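Trainee: TSV, C-alpha atoms and all ligand atoms, saved as upload-v4.tsv, coming up:
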```tsv
chain	number	residue	atom	x	y	z
B	1413	MET	CA	87.78	92.92	134.90
B	1414	THR	CA	88.28	95.67	137.49
B	1415	LEU	CA	90.13	98.05	135.15
B	1416	THR	CA	92.08	99.70	137.94
B	1417	ARG	CA	95.27	99.24	135.89
B	1418	PRO	CA	95.68	101.28	132.66
B	1419	ILE	CA	95.01	100.17	129.11
B	1420	LEU	CA	97.95	100.23	126.68
B	1421	ILE	CA	97.05	101.04	123.09
B	1422	THR	CA	99.71	100.73	120.41
B	1423	GLY	CA	99.27	102.66	117.18
B	1424	ALA	CA	97.54	105.40	119.21
B	1425	ALA	CA	98.28	108.09	116.58
B	1426	GLY	CA	96.87	105.85	113.84
B	1427	PHE	CA	93.32	105.90	112.52
B	1428	ILE	CA	91.73	103.16	114.64
B	1429	GLY	CA	94.02	103.68	117.66
B	1430	PHE	CA	93.12	107.38	117.83
B	1431	HIS	CA	89.38	106.68	117.85
B	1432	LEU	CA	89.69	103.90	120.43
B	1433	CYS	CA	91.82	106.10	122.72
B	1434	GLN	CA	89.35	108.97	122.40
B	1435	ARG	CA	86.45	106.74	123.36
B	1436	LEU	CA	88.20	105.18	126.37
B	1437	LEU	CA	89.55	108.53	127.59
B	1438	ALA	CA	86.08	110.10	127.36
B	1439	ASP	CA	84.84	107.16	129.48
B	1440	GLY	CA	87.40	108.17	132.12
B	1441	ARG	CA	89.80	105.28	131.69
B	1442	GLN	CA	93.57	105.57	132.10
B	1443	VAL	CA	95.20	105.11	128.68
B	1444	VAL	CA	98.85	104.76	127.78
B	1445	GLY	CA	99.33	105.36	124.04
B	1446	LEU	CA	102.31	104.21	122.02
B	1447	ASP	CA	103.25	105.01	118.42
B	1448	SER	CA	106.47	105.30	116.42
B	1449	MET	CA	104.99	108.24	114.43
B	1450	ASN	CA	106.43	106.80	111.22
B	1451	GLU	CA	106.00	108.53	107.86
B	1452	TYR	CA	104.10	105.85	105.95
B	1453	TYR	CA	101.46	108.55	105.39
B	1454	ASP	CA	101.02	112.24	106.22
B	1455	ILE	CA	102.67	112.74	109.60
B	1456	ASN	CA	100.63	115.93	110.15
B	1457	LEU	CA	97.46	113.87	110.30
B	1458	LYS	CA	99.03	111.65	112.99
B	1459	ARG	CA	100.21	114.73	114.89
B	1460	ALA	CA	96.73	116.29	114.73
B	1461	ARG	CA	95.16	113.11	116.12
B	1462	LEU	CA	97.74	112.95	118.90
B	1463	ALA	CA	97.22	116.62	119.81
B	1464	ARG	CA	93.55	115.85	120.45
B	1465	LEU	CA	94.39	112.90	122.68
B	1466	LYS	CA	96.88	114.96	124.68
B	1467	GLU	CA	94.03	117.23	125.77
B	1468	PHE	CA	92.86	114.46	128.10
B	1469	PRO	CA	94.55	114.42	131.55
B	1470	ASN	CA	94.15	110.62	131.73
B	1471	PHE	CA	96.29	110.09	128.59
B	1472	ARG	CA	100.01	109.42	128.54
B	1473	PHE	CA	102.00	109.01	125.32
B	1474	ASP	CA	105.29	107.27	124.56
B	1475	GLN	CA	106.93	107.47	121.14
B	1476	ILE	CA	108.44	103.99	120.81
B	1477	ASP	CA	108.91	101.63	117.88
B	1478	LEU	CA	107.57	98.10	118.43
B	1479	THR	CA	110.90	96.75	117.20
B	1480	ASP	CA	112.71	98.33	120.19
B	1481	ARG	CA	112.61	95.25	122.39
B	1482	ASP	CA	114.15	96.83	125.50
B	1483	ARG	CA	111.88	99.87	125.52
B	1484	ILE	CA	108.75	97.79	124.86
B	1485	SER	CA	109.66	95.45	127.70
B	1486	ALA	CA	110.42	98.38	130.05
B	1487	LEU	CA	107.17	100.17	129.14
B	1488	LEU	CA	105.03	97.11	129.80
B	1489	LEU	CA	106.67	96.51	133.17
B	1490	SER	CA	106.40	100.15	134.28
B	1491	ALA	CA	102.88	100.86	132.93
B	1492	ASN	CA	101.57	97.49	134.22
B	1493	PRO	CA	98.50	97.49	131.92
B	1494	GLU	CA	95.52	95.23	132.55
B	1495	ILE	CA	94.70	95.21	128.83
B	1496	VAL	CA	96.90	95.71	125.77
B	1497	VAL	CA	95.31	96.53	122.40
B	1498	ASN	CA	97.91	96.14	119.66
B	1499	LEU	CA	96.93	98.24	116.66
B	1500	ALA	CA	100.41	99.42	115.63
B	1501	ALA	CA	101.49	97.69	112.44
B	1502	GLN	CA	102.67	98.32	108.95
B	1503	ALA	CA	99.27	98.39	107.24
B	1504	GLY	CA	98.35	98.32	103.54
B	1505	VAL	CA	98.19	95.44	101.08
B	1506	ARG	CA	99.73	97.21	98.07
B	1507	HIS	CA	102.70	98.70	99.95
B	1508	SER	CA	103.67	95.16	101.01
B	1509	LEU	CA	104.46	94.27	97.40
B	1510	THR	CA	107.26	96.84	97.27
B	1511	ASN	CA	108.32	97.16	100.93
B	1512	PRO	CA	108.12	93.63	102.38
B	1513	HIS	CA	110.73	94.13	105.09
B	1514	ALA	CA	108.70	96.82	106.86
B	1515	TYR	CA	106.03	94.15	107.43
B	1516	ALA	CA	108.48	91.62	108.86
B	1517	GLU	CA	109.90	94.26	111.20
B	1518	SER	CA	106.75	95.87	112.62
B	1519	ASN	CA	104.28	93.00	112.26
B	1520	LEU	CA	106.45	90.00	113.14
B	1521	THR	CA	109.40	91.19	115.27
B	1522	GLY	CA	107.30	94.02	116.73
B	1523	PHE	CA	104.41	91.71	117.57
B	1524	LEU	CA	106.78	89.21	119.20
B	1525	ASN	CA	108.05	92.03	121.44
B	1526	ILE	CA	104.44	92.77	122.44
B	1527	LEU	CA	103.78	89.10	123.23
B	1528	GLU	CA	106.95	88.84	125.34
B	1529	GLY	CA	106.14	92.12	127.08
B	1530	CYS	CA	102.60	90.94	127.89
B	1531	ARG	CA	103.85	87.62	129.20
B	1532	HIS	CA	106.36	89.17	131.60
B	1533	ALA	CA	104.01	91.96	132.73
B	1534	SER	CA	101.16	89.48	133.47
B	1535	VAL	CA	98.75	91.29	131.17
B	1536	GLY	CA	95.15	90.14	131.63
B	1537	HIS	CA	94.12	90.34	127.96
B	1538	LEU	CA	95.94	91.05	124.70
B	1539	VAL	CA	93.63	92.15	121.88
B	1540	TYR	CA	95.33	92.61	118.51
B	1541	ALA	CA	94.44	93.69	114.98
B	1542	SER	CA	94.20	91.00	112.35
B	1543	SER	CA	92.62	91.55	108.95
B	1544	SER	CA	89.99	90.35	106.51
B	1545	SER	CA	92.82	90.01	103.99
B	1546	ILE	CA	93.88	86.75	105.65
B	1547	TYR	CA	90.90	85.04	103.90
B	1548	GLY	CA	92.91	85.57	100.70
B	1549	GLY	CA	91.88	83.26	97.90
B	1550	SER	CA	88.82	81.88	99.69
B	1551	THR	CA	85.49	82.47	97.92
B	1552	ARG	CA	83.39	80.76	100.58
B	1553	MET	CA	81.15	83.65	101.71
B	1554	PRO	CA	80.51	85.04	104.20
B	1555	PHE	CA	84.03	84.57	105.60
B	1556	SER	CA	83.74	82.60	108.84
B	1557	VAL	CA	86.31	82.46	111.62
B	1558	HIS	CA	85.54	78.74	111.85
B	1559	ASP	CA	86.80	78.08	108.31
B	1560	SER	CA	90.50	77.69	107.58
B	1561	ALA	CA	92.24	80.72	106.08
B	1562	ASP	CA	95.62	79.54	104.91
B	1563	HIS	CA	96.01	81.08	101.46
B	1564	PRO	CA	96.99	84.74	101.94
B	1565	LEU	CA	97.59	86.72	98.72
B	1566	SER	CA	100.00	89.34	100.11
B	1567	LEU	CA	102.81	89.49	102.65
B	1568	TYR	CA	100.65	91.92	104.66
B	1569	ALA	CA	97.95	89.24	104.93
B	1570	ALA	CA	100.55	86.59	105.77
B	1571	SER	CA	101.96	88.78	108.57
B	1572	LYS	CA	98.46	89.15	110.08
B	1573	LYS	CA	97.85	85.40	109.90
B	1574	ALA	CA	101.26	84.90	111.52
B	1575	ASN	CA	100.14	87.16	114.40
B	1576	GLU	CA	97.22	84.84	115.08
B	1577	LEU	CA	99.51	81.80	115.09
B	1578	MET	CA	102.07	83.52	117.33
B	1579	ALA	CA	99.33	84.63	119.73
B	1580	HIS	CA	98.09	81.05	119.97
B	1581	THR	CA	101.49	79.80	121.12
B	1582	TYR	CA	101.57	82.39	123.93
B	1583	SER	CA	98.01	81.53	124.96
B	1584	HIS	CA	98.99	77.85	125.03
B	1585	LEU	CA	102.43	78.07	126.63
B	1586	PHE	CA	101.93	80.92	129.10
B	1587	GLY	CA	98.15	81.12	129.54
B	1588	LEU	CA	98.10	84.66	128.05
B	1589	PRO	CA	94.47	85.42	127.05
B	1590	THR	CA	94.56	86.70	123.45
B	1591	THR	CA	91.83	87.81	121.04
B	1592	GLY	CA	92.53	88.54	117.38
B	1593	LEU	CA	90.09	90.85	115.58
B	1594	ARG	CA	89.88	90.60	111.80
B	1595	PHE	CA	88.87	94.11	110.70
B	1596	PHE	CA	87.08	94.60	107.37
B	1597	THR	CA	87.88	97.83	105.39
B	1598	VAL	CA	87.48	100.43	108.12
B	1599	TYR	CA	86.53	104.00	107.15
B	1600	GLY	CA	85.37	107.21	108.78
B	1601	PRO	CA	86.55	110.63	109.99
B	1602	TRP	CA	90.33	110.90	110.59
B	1603	GLY	CA	90.72	107.93	108.19
B	1604	ARG	CA	93.78	106.67	106.37
B	1605	PRO	CA	95.08	108.62	103.34
B	1606	ASP	CA	96.25	105.42	101.59
B	1607	MET	CA	92.73	103.94	101.46
B	1608	ALA	CA	90.27	104.18	98.55
B	1609	LEU	CA	87.63	106.44	100.13
B	1610	PHE	CA	90.25	109.02	101.09
B	1611	ILE	CA	92.02	108.85	97.70
B	1612	PHE	CA	88.72	109.16	95.81
B	1613	THR	CA	87.56	112.12	97.90
B	1614	ARG	CA	90.80	114.04	97.37
B	1615	ALA	CA	90.80	113.35	93.61
B	1616	ILE	CA	87.10	114.17	93.02
B	1617	LEU	CA	87.45	117.48	94.89
B	1618	ALA	CA	90.58	118.28	92.84
B	1619	GLY	CA	88.75	117.45	89.59
B	1620	GLU	CA	91.13	114.54	88.91
B	1621	PRO	CA	90.15	111.06	87.61
B	1622	ILE	CA	89.96	108.13	90.06
B	1623	ASP	CA	91.41	104.66	89.39
B	1624	VAL	CA	88.60	102.14	89.89
B	1625	PHE	CA	90.06	98.66	90.24
B	1626	ASN	CA	88.40	95.44	89.08
B	1627	TYR	CA	86.27	97.74	86.86
B	1628	GLY	CA	84.25	98.74	89.95
B	1629	ASN	CA	83.08	95.17	90.57
B	1630	MET	CA	85.11	94.87	93.73
B	1631	GLN	CA	82.99	94.18	96.82
B	1632	ARG	CA	84.02	95.32	100.27
B	1633	ASP	CA	82.37	94.81	103.62
B	1634	PHE	CA	82.97	98.44	104.65
B	1635	THR	CA	82.94	98.99	108.42
B	1636	TYR	CA	82.37	102.37	110.01
B	1637	ILE	CA	84.94	103.35	112.64
B	1638	ASP	CA	82.40	103.72	115.48
B	1639	ASP	CA	81.32	100.10	114.97
B	1640	ILE	CA	84.96	98.99	115.15
B	1641	VAL	CA	85.55	100.94	118.36
B	1642	GLU	CA	82.38	99.56	119.96
B	1643	GLY	CA	83.47	96.03	119.03
B	1644	ILE	CA	86.99	96.45	120.42
B	1645	ASP	CA	85.73	98.03	123.64
B	1646	ARG	CA	83.34	95.15	124.30
B	1647	VAL	CA	85.81	92.42	123.34
B	1648	MET	CA	88.71	93.79	125.39
B	1649	GLN	CA	86.67	93.60	128.60
B	1650	GLN	CA	86.12	89.88	128.12
B	1651	PRO	CA	89.46	88.08	128.32
B	1652	ALA	CA	89.61	85.06	126.01
B	1653	THR	CA	88.98	81.75	127.74
B	1654	ALA	CA	89.65	78.15	126.78
B	1655	ASN	CA	86.85	76.45	124.84
B	1656	PRO	CA	85.91	73.29	126.80
B	1657	GLN	CA	84.29	71.84	123.65
B	1658	TRP	CA	87.42	72.29	121.51
B	1659	LYS	CA	88.48	68.99	119.96
B	1660	SER	CA	92.01	68.31	118.75
B	1661	ALA	CA	90.65	65.74	116.28
B	1662	ALA	CA	88.49	68.41	114.59
B	1663	PRO	CA	90.19	71.68	115.58
B	1664	ASP	CA	88.10	74.87	115.35
B	1665	PRO	CA	90.48	77.60	114.03
B	1666	ALA	CA	88.74	80.36	116.04
B	1667	THR	CA	89.03	78.86	119.54
B	1668	SER	CA	91.32	76.50	121.40
B	1669	SER	CA	92.01	74.50	124.51
B	1670	ALA	CA	94.10	77.60	125.36
B	1671	PRO	CA	92.61	81.08	126.14
B	1672	PHE	CA	92.57	82.14	122.48
B	1673	ARG	CA	89.80	83.70	120.35
B	1674	ILE	CA	89.40	85.08	116.84
B	1675	HIS	CA	86.46	87.27	115.72
B	1676	ASN	CA	85.56	89.08	112.51
B	1677	ILE	CA	84.46	92.72	112.83
B	1678	GLY	CA	82.88	93.70	109.52
B	1679	GLY	CA	79.86	95.59	108.28
B	1680	ASN	CA	78.19	92.25	107.41
B	1681	SER	CA	76.75	93.87	104.27
B	1682	PRO	CA	79.16	94.02	101.30
B	1683	VAL	CA	78.98	97.04	99.01
B	1684	GLN	CA	80.14	97.20	95.38
B	1685	LEU	CA	82.89	99.72	94.75
B	1686	ASN	CA	80.66	101.39	92.13
B	1687	ARG	CA	77.94	101.85	94.76
B	1688	LEU	CA	80.42	103.33	97.24
B	1689	ILE	CA	81.46	105.85	94.59
B	1690	GLU	CA	77.80	106.81	93.98
B	1691	VAL	CA	77.30	107.41	97.71
B	1692	LEU	CA	80.49	109.48	97.76
B	1693	GLU	CA	79.38	111.50	94.71
B	1694	ASP	CA	76.09	112.29	96.47
B	1695	ALA	CA	77.90	113.37	99.63
B	1696	LEU	CA	80.34	115.57	97.69
B	1697	GLY	CA	77.75	116.90	95.25
B	1698	ARG	CA	80.16	116.14	92.38
B	1699	LYS	CA	80.56	113.39	89.80
B	1700	ALA	CA	83.70	111.25	89.61
B	1701	ASN	CA	85.66	110.74	86.41
B	1702	ARG	CA	86.24	106.96	86.55
B	1703	ASN	CA	89.34	105.35	85.13
B	1704	LEU	CA	88.41	101.63	85.00
B	1705	MET	CA	91.31	99.29	85.81
B	1706	PRO	CA	91.83	95.51	86.31
B	1707	LEU	CA	92.19	93.87	89.75
B	1708	GLN	CA	95.55	94.69	91.34
B	1709	PRO	CA	98.00	91.98	92.43
B	1710	GLY	CA	97.51	91.08	96.11
B	1711	ASP	CA	93.91	92.39	96.19
B	1712	VAL	CA	90.94	90.10	96.75
B	1713	PRO	CA	87.79	90.68	94.64
B	1714	ALA	CA	85.32	90.49	97.55
B	1715	THR	CA	85.07	90.45	101.33
B	1716	PHE	CA	82.04	89.62	103.49
B	1717	ALA	CA	82.20	89.07	107.25
B	1718	ASP	CA	80.26	86.48	109.19
B	1719	VAL	CA	80.08	88.25	112.56
B	1720	SER	CA	78.16	85.58	114.50
B	1721	SER	CA	81.05	84.79	116.86
B	1722	LEU	CA	81.37	88.50	117.76
B	1723	GLU	CA	77.64	88.75	118.33
B	1724	GLU	CA	77.57	85.61	120.50
B	1725	ALA	CA	80.47	86.87	122.61
B	1726	THR	CA	79.43	90.52	122.99
B	1727	GLY	CA	75.80	90.91	121.88
B	1728	PHE	CA	76.98	93.46	119.32
B	1729	LYS	CA	77.31	93.59	115.56
B	1730	PRO	CA	78.20	96.53	113.29
B	1731	LYS	CA	75.20	98.48	112.06
B	1732	ILE	CA	76.22	101.76	110.40
B	1733	PRO	CA	75.69	101.63	106.58
B	1734	VAL	CA	77.82	103.54	104.04
B	1735	GLU	CA	74.86	105.86	103.36
B	1736	ILE	CA	75.37	107.24	106.89
B	1737	GLY	CA	79.12	106.72	107.31
B	1738	VAL	CA	80.38	108.18	104.02
B	1739	PRO	CA	78.70	111.61	104.49
B	1740	ARG	CA	80.24	111.77	107.99
B	1741	PHE	CA	83.66	111.11	106.48
B	1742	VAL	CA	83.11	113.79	103.83
B	1743	GLU	CA	82.04	116.32	106.46
B	1744	TRP	CA	85.22	115.70	108.45
B	1745	TYR	CA	87.40	115.79	105.31
B	1746	ARG	CA	86.02	119.16	104.17
B	1747	GLU	CA	86.48	120.67	107.61
B	1748	PHE	CA	89.95	119.24	108.25
B	1749	TYR	CA	91.39	120.14	104.83
B	1750	ARG	CA	89.21	123.27	104.46
B	1751	VAL	CA	87.86	122.28	101.00
M	1801	LIG	N1	91.93	100.38	108.54
M	1801	LIG	C1	91.56	99.19	108.08
M	1801	LIG	O1	90.71	99.08	107.19
M	1801	LIG	C2	92.17	97.93	108.64
M	1801	LIG	C3	91.68	96.70	108.16
M	1801	LIG	C4	92.23	95.52	108.67
M	1801	LIG	C5	93.22	95.58	109.63
M	1801	LIG	N2	93.70	96.79	110.06
M	1801	LIG	C6	94.74	96.79	111.07
M	1801	LIG	O2	94.33	97.60	112.15
M	1801	LIG	C7	95.46	98.24	112.77
M	1801	LIG	C8	95.25	99.73	112.79
M	1801	LIG	O3	95.07	100.19	111.45
M	1801	LIG	P1	94.88	101.71	111.06
M	1801	LIG	O4	93.98	101.75	109.89
M	1801	LIG	O5	94.58	102.50	112.28
M	1801	LIG	O6	96.37	102.04	110.53
M	1801	LIG	P2	97.31	103.30	110.79
M	1801	LIG	O7	98.47	103.13	109.87
M	1801	LIG	O8	96.51	104.55	110.72
M	1801	LIG	O9	97.78	103.11	112.28
M	1801	LIG	C9	98.88	102.33	112.68
M	1801	LIG	C10	99.77	103.16	113.58
M	1801	LIG	O10	100.84	102.34	114.01
M	1801	LIG	C11	102.04	103.07	113.97
M	1801	LIG	N3	103.14	102.12	113.74
M	1801	LIG	C12	103.43	101.46	112.59
M	1801	LIG	N4	104.50	100.67	112.78
M	1801	LIG	C13	104.89	100.87	114.07
M	1801	LIG	C14	105.94	100.34	114.85
M	1801	LIG	N5	106.84	99.48	114.35
M	1801	LIG	N6	106.04	100.74	116.15
M	1801	LIG	C15	105.15	101.61	116.68
M	1801	LIG	N7	104.14	102.16	115.97
M	1801	LIG	C16	104.02	101.78	114.68
M	1801	LIG	C17	101.90	104.06	112.84
M	1801	LIG	O11	102.70	105.22	113.03
M	1801	LIG	C18	100.40	104.37	112.87
M	1801	LIG	O12	100.14	105.56	113.57
M	1801	LIG	C19	96.66	97.78	111.94
M	1801	LIG	O13	97.22	96.68	112.58
M	1801	LIG	C20	96.06	97.37	110.62
M	1801	LIG	O14	96.86	96.44	109.96
M	1801	LIG	C21	93.18	97.96	109.59
```
Could you spell out this file's structure in C-alpha cells?
Ligand SMILES: NC(=O)c1ccc[n+]([C@@H]2O[C@H](COP(=O)([O-])OP(=O)(O)OC[C@H]3O[C@@H](n4cnc5c(N)ncnc54)[C@H](O)[C@@H]3O)[C@@H](O)[C@H]2O)c1

Mentor:
Amino acid sequence: MTLTRPILITGAAGFIGFHLCQRLLADGRQVVGLDSMNEYYDINLKRARLARLKEFPNFRFDQIDLTDRDRISALLLSANPEIVVNLAAQAGVRHSLTNPHAYAESNLTGFLNILEGCRHASVGHLVYASSSSIYGGSTRMPFSVHDSADHPLSLYAASKKANELMAHTYSHLFGLPTTGLRFFTVYGPWGRPDMALFIFTRAILAGEPIDVFNYGNMQRDFTYIDDIVEGIDRVMQQPATANPQWKSAAPDPATSSAPFRIHNIGGNSPVQLNRLIEVLEDALGRKANRNLMPLQPGDVPATFADVSSLEEATGFKPKIPVEIGVPRFVEWYREFYRV
C-alpha cells in the first residue's frame, strides 16, 4: 500500500483508538479521527486523550456518531481514506445486559454505515474490532479463529460476531478487503474505567473492597495496549485477500473465497484473576480487600488466544506480560489522577 491517502480511525477518543492514532501520527501518517464523544464513561478522560492527539498537525478530528448515515457517508467520500480502522462501538459485556439497544445502534446500524461508506469510497482495507467474547460458551482452548464460534453469551458478543458476518458479505459482494481483529482483554495507560484493572486500582487506592468474580478463578488472556497497536498497524497494511485454498465443502471460518480475514490478538498466556490482583498489589504497594463473588451472567470463565494466524500473516505476536504492563498502567494512573 502506498499510504498517500489518509487513514480513518473511528473511536479515536477511546482507549485503543487513542493509542493507535498516537502511534500513526508519530510515524508521520495523515490521520482522520472520528468519535461521538459519548458519556458511557468519564468524558474528561476522552477529552484528555483527544487534546493530546490535537497537538499533532497531521491529525484532523470529526465528532460524528456512527449512526448518522449521511455524515458518515459524506466523511468517507471527502476524506477518501486508503484504510479505515473501525474501533468505535458500544463496548462492555455487562452493560449490554441492561442497555441492549445501544449495542444494536452503534455496533449494527453504525457498522453498516461504515461498510456502506467504505464501499462507495473505494476504501482499500477495512480493519474492525471484534472480540474474544464471541467464543462464548466454547471451552476448546486456546481459542482458534479456525473453530466455529456461534454461541455468544451476551448481546455485546453477538453484535461483534454480527460484524464479522456483515463484513463477509461486503467482501463477497463488493470485493471490499476486510480484516476482523478479535481483541483479548486490553489494558494499559489511558485504559477504560469500566474494566477490572481500572476499577481495582481506584478501589485499592481508596481503601475500598474489590469485587472478585468467579472467586478469582477467572482466567483472562490480558493483552498490553502496545501489543494491540503493533498488531493493528501491521495488519492494516496488508489488505485481506481471497484464500485460494478455501473450500466451500469444508469452510474455514477465518478466511474465504472473498478478501476476508479474521485474527485473534491476545497475550497468548492466560493469567488468573487472583494473579493479576497480586501483580497489581505489588505495583501499588498495597493489599486488596477481596470480596469473593460468583461468575456474572454474560461473562465467560476463561479466554486464551491462539495467535498463529496473526503470526503467519504479520510475523508478530504479543509479548508484554502483566508483570511489565500492570506497573506501567499504575504509573500512568497515579500521574493522571494525582494519587
Ligand atoms: N478494550 C478491550 O479489552 C476490548 C476487547 C475486545 C474488543 N474491544 C473492542 O475494541 C474497540 C475499542 O475499544 P476500547 O477499549 O478502545 O473502547 P472505548 O469505549 O474506550 O472506545 C470506543 C470509542 O468509540 C466511541 N463511540 C461509541 N459509540 C460510538 C458511535 N455510535 N459513534 C461514534 N463513536 C462512538 C466512544 O465515544 C469511545 O471513545 C471496541 O470496538 C471494543 O468493542 C475492546

Trainee: With the cut-off set at 7 Å and counting all atoms listed in the file, tabulate each residue of chain B with an atom at most that distance from an atom of ligand LIG 1801 (chain M), showing the nearest atom pair and its distance in Å to one decimal, ordered by chain and increasing number, as a tab-separated table.

Mentor:
```
residue	atom	partner	partner_atom	distance
B:Thr1422	CA	M:LIG1801	N7	6.4
B:Gly1423	CA	M:LIG1801	O10	3.6
B:Ala1424	CA	M:LIG1801	O12	6.2
B:Ala1425	CA	M:LIG1801	O12	4.3
B:Gly1426	CA	M:LIG1801	O9	3.3
B:Phe1427	CA	M:LIG1801	O5	3.6
B:Ile1428	CA	M:LIG1801	O5	3.8
B:Gly1429	CA	M:LIG1801	O5	5.5
B:Leu1446	CA	M:LIG1801	C15	6.6
B:Asp1447	CA	M:LIG1801	N7	3.9
B:Ser1448	CA	M:LIG1801	C15	3.9
B:Met1449	CA	M:LIG1801	O11	4.0
B:Asn1450	CA	M:LIG1801	O11	4.4
B:Glu1451	CA	M:LIG1801	O11	7.0
B:Lys1458	CA	M:LIG1801	O12	6.2
B:Ile1476	CA	M:LIG1801	C15	5.8
B:Asp1477	CA	M:LIG1801	N6	3.5
B:Leu1478	CA	M:LIG1801	N6	3.8
B:Thr1479	CA	M:LIG1801	N5	5.7
B:Leu1499	CA	M:LIG1801	C7	4.2
B:Ala1500	CA	M:LIG1801	O10	3.4
B:Ala1501	CA	M:LIG1801	C12	4.2
B:Gln1502	CA	M:LIG1801	N4	4.9
B:Ala1503	CA	M:LIG1801	O14	4.1
B:Gly1504	CA	M:LIG1801	O14	6.9
B:Glu1517	CA	M:LIG1801	N5	6.8
B:Ser1518	CA	M:LIG1801	N5	4.0
B:Gly1522	CA	M:LIG1801	N5	6.0
B:Ala1541	CA	M:LIG1801	O13	4.7
B:Ser1542	CA	M:LIG1801	C5	5.4
B:Ser1543	CA	M:LIG1801	C4	4.0
B:Ser1544	CA	M:LIG1801	C4	6.0
B:Arg1594	CA	M:LIG1801	C4	6.3
B:Phe1595	CA	M:LIG1801	C4	4.2
B:Phe1596	CA	M:LIG1801	C3	5.1
B:Thr1597	CA	M:LIG1801	O1	3.6
B:Val1598	CA	M:LIG1801	O1	3.6
B:Tyr1599	CA	M:LIG1801	O1	6.5
B:Arg1604	CA	M:LIG1801	O8	5.6
```

Trainee: Closest to B:Ser1490 among B:Leu1593, B:Leu1585, B:Leu1432, B:Cys1530, using only C-alpha atoms?

Mentor: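 Closest to B:Ser1490 of all the choices is B:Cys1530.
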
Trainee: So which one's closest to B:Arg1417, B:Gln1434, B:Ser1556, B:Ser1534, B:Thr1551? Using all atoms listed in the file, please.

Mentor: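 So, comparing all the options, the nearest one is B:Ser1534.
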
Trainee: Could you work out how far atom CA of B:Leu1617 lies from atom CA of B:Ala1714, giving the answer in Å with one decimal?

Mentor: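 We find that atom CA of B:Ala1714 and atom CA of B:Leu1617 lie 27.2 Å from each other.
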
Trainee: Taking every listed atom of stretch 1550-1557 of chain B and adding 3 Å to each side, what centre and edge lengths in Å (one decimal) does the axis-aligned box have, as AutoDock Vina command-line options?

Mentor:
```
--center_x 84.7 --center_y 82.9 --center_z 104.8 --size_x 14.3 --size_y 10.3 --size_z 19.7
```

Trainee: Counting only C-alpha atoms, which of B:Asp1439, B:Asp1638, B:Asp1711, B:Asp1718 gets nearest to B:Phe1741?

Mentor: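 Once distances to B:Phe1741 are computed over only C-alpha atoms, the minimum belongs to B:Asp1638.
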
Trainee: Calculated over all atoms listed in the file, which of the candidates B:Ser1720, B:Arg1702, B:Gly1710, B:Ile1640 has the smallest distance to B:His1563?

Mentor: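 Using all atoms listed in the file, B:His1563 sits closest to B:Gly1710.
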
Trainee: Under the rule that all atoms listed in the file are counted, which of B:Phe1555, B:Phe1748, B:Trp1658, B:Trp1602 is the nearest residue to B:Pro1682?

Mentor: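 With all atoms listed in the file as the atom set, the closest residue is B:Phe1555.
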
Trainee: Which residues are near B:Pro1671? Cut-off 12 Å, all atoms listed in the file, ignore same chain within fewer than 4 positions. Put them as a list in words.

Mentor: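 The residues that qualify are Gly1536, His1537, Leu1538, Val1539, Ala1579, His1580, Thr1581, Tyr1582, Ser1583, His1584, Leu1585, Phe1586, Gly1587, Leu1588, Pro1589, Thr1590, Thr1591, Gly1592, Gln1650, Pro1651, Ala1652, Thr1653, Ala1654, Asn1655, Pro1656, Trp1658, Ala1666 and Thr1667 of chain B.
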
Trainee: One number please: atom CA of B:Gly1529 to atom CA of B:Leu1489, in Å, one decimal.

Mentor: 7.5 Å

Trainee: Taking all atoms listed in the file into account, name the residue in B:Asn1492, B:Gln1657, B:Thr1416, B:Ser1669 that is nearest to B:Gln1442.

Mentor: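 So, comparing all the options, the nearest one is B:Thr1416.
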
Trainee: What's around B:Asn1629 at 9 Å? Count all atoms listed in the file, leave out sequence neighbours fewer than 6 positions away in its own chain, and write the answer as JSON, numbers by chain.

Mentor: {"B": [1684, 1685, 1686, 1713, 1714]}
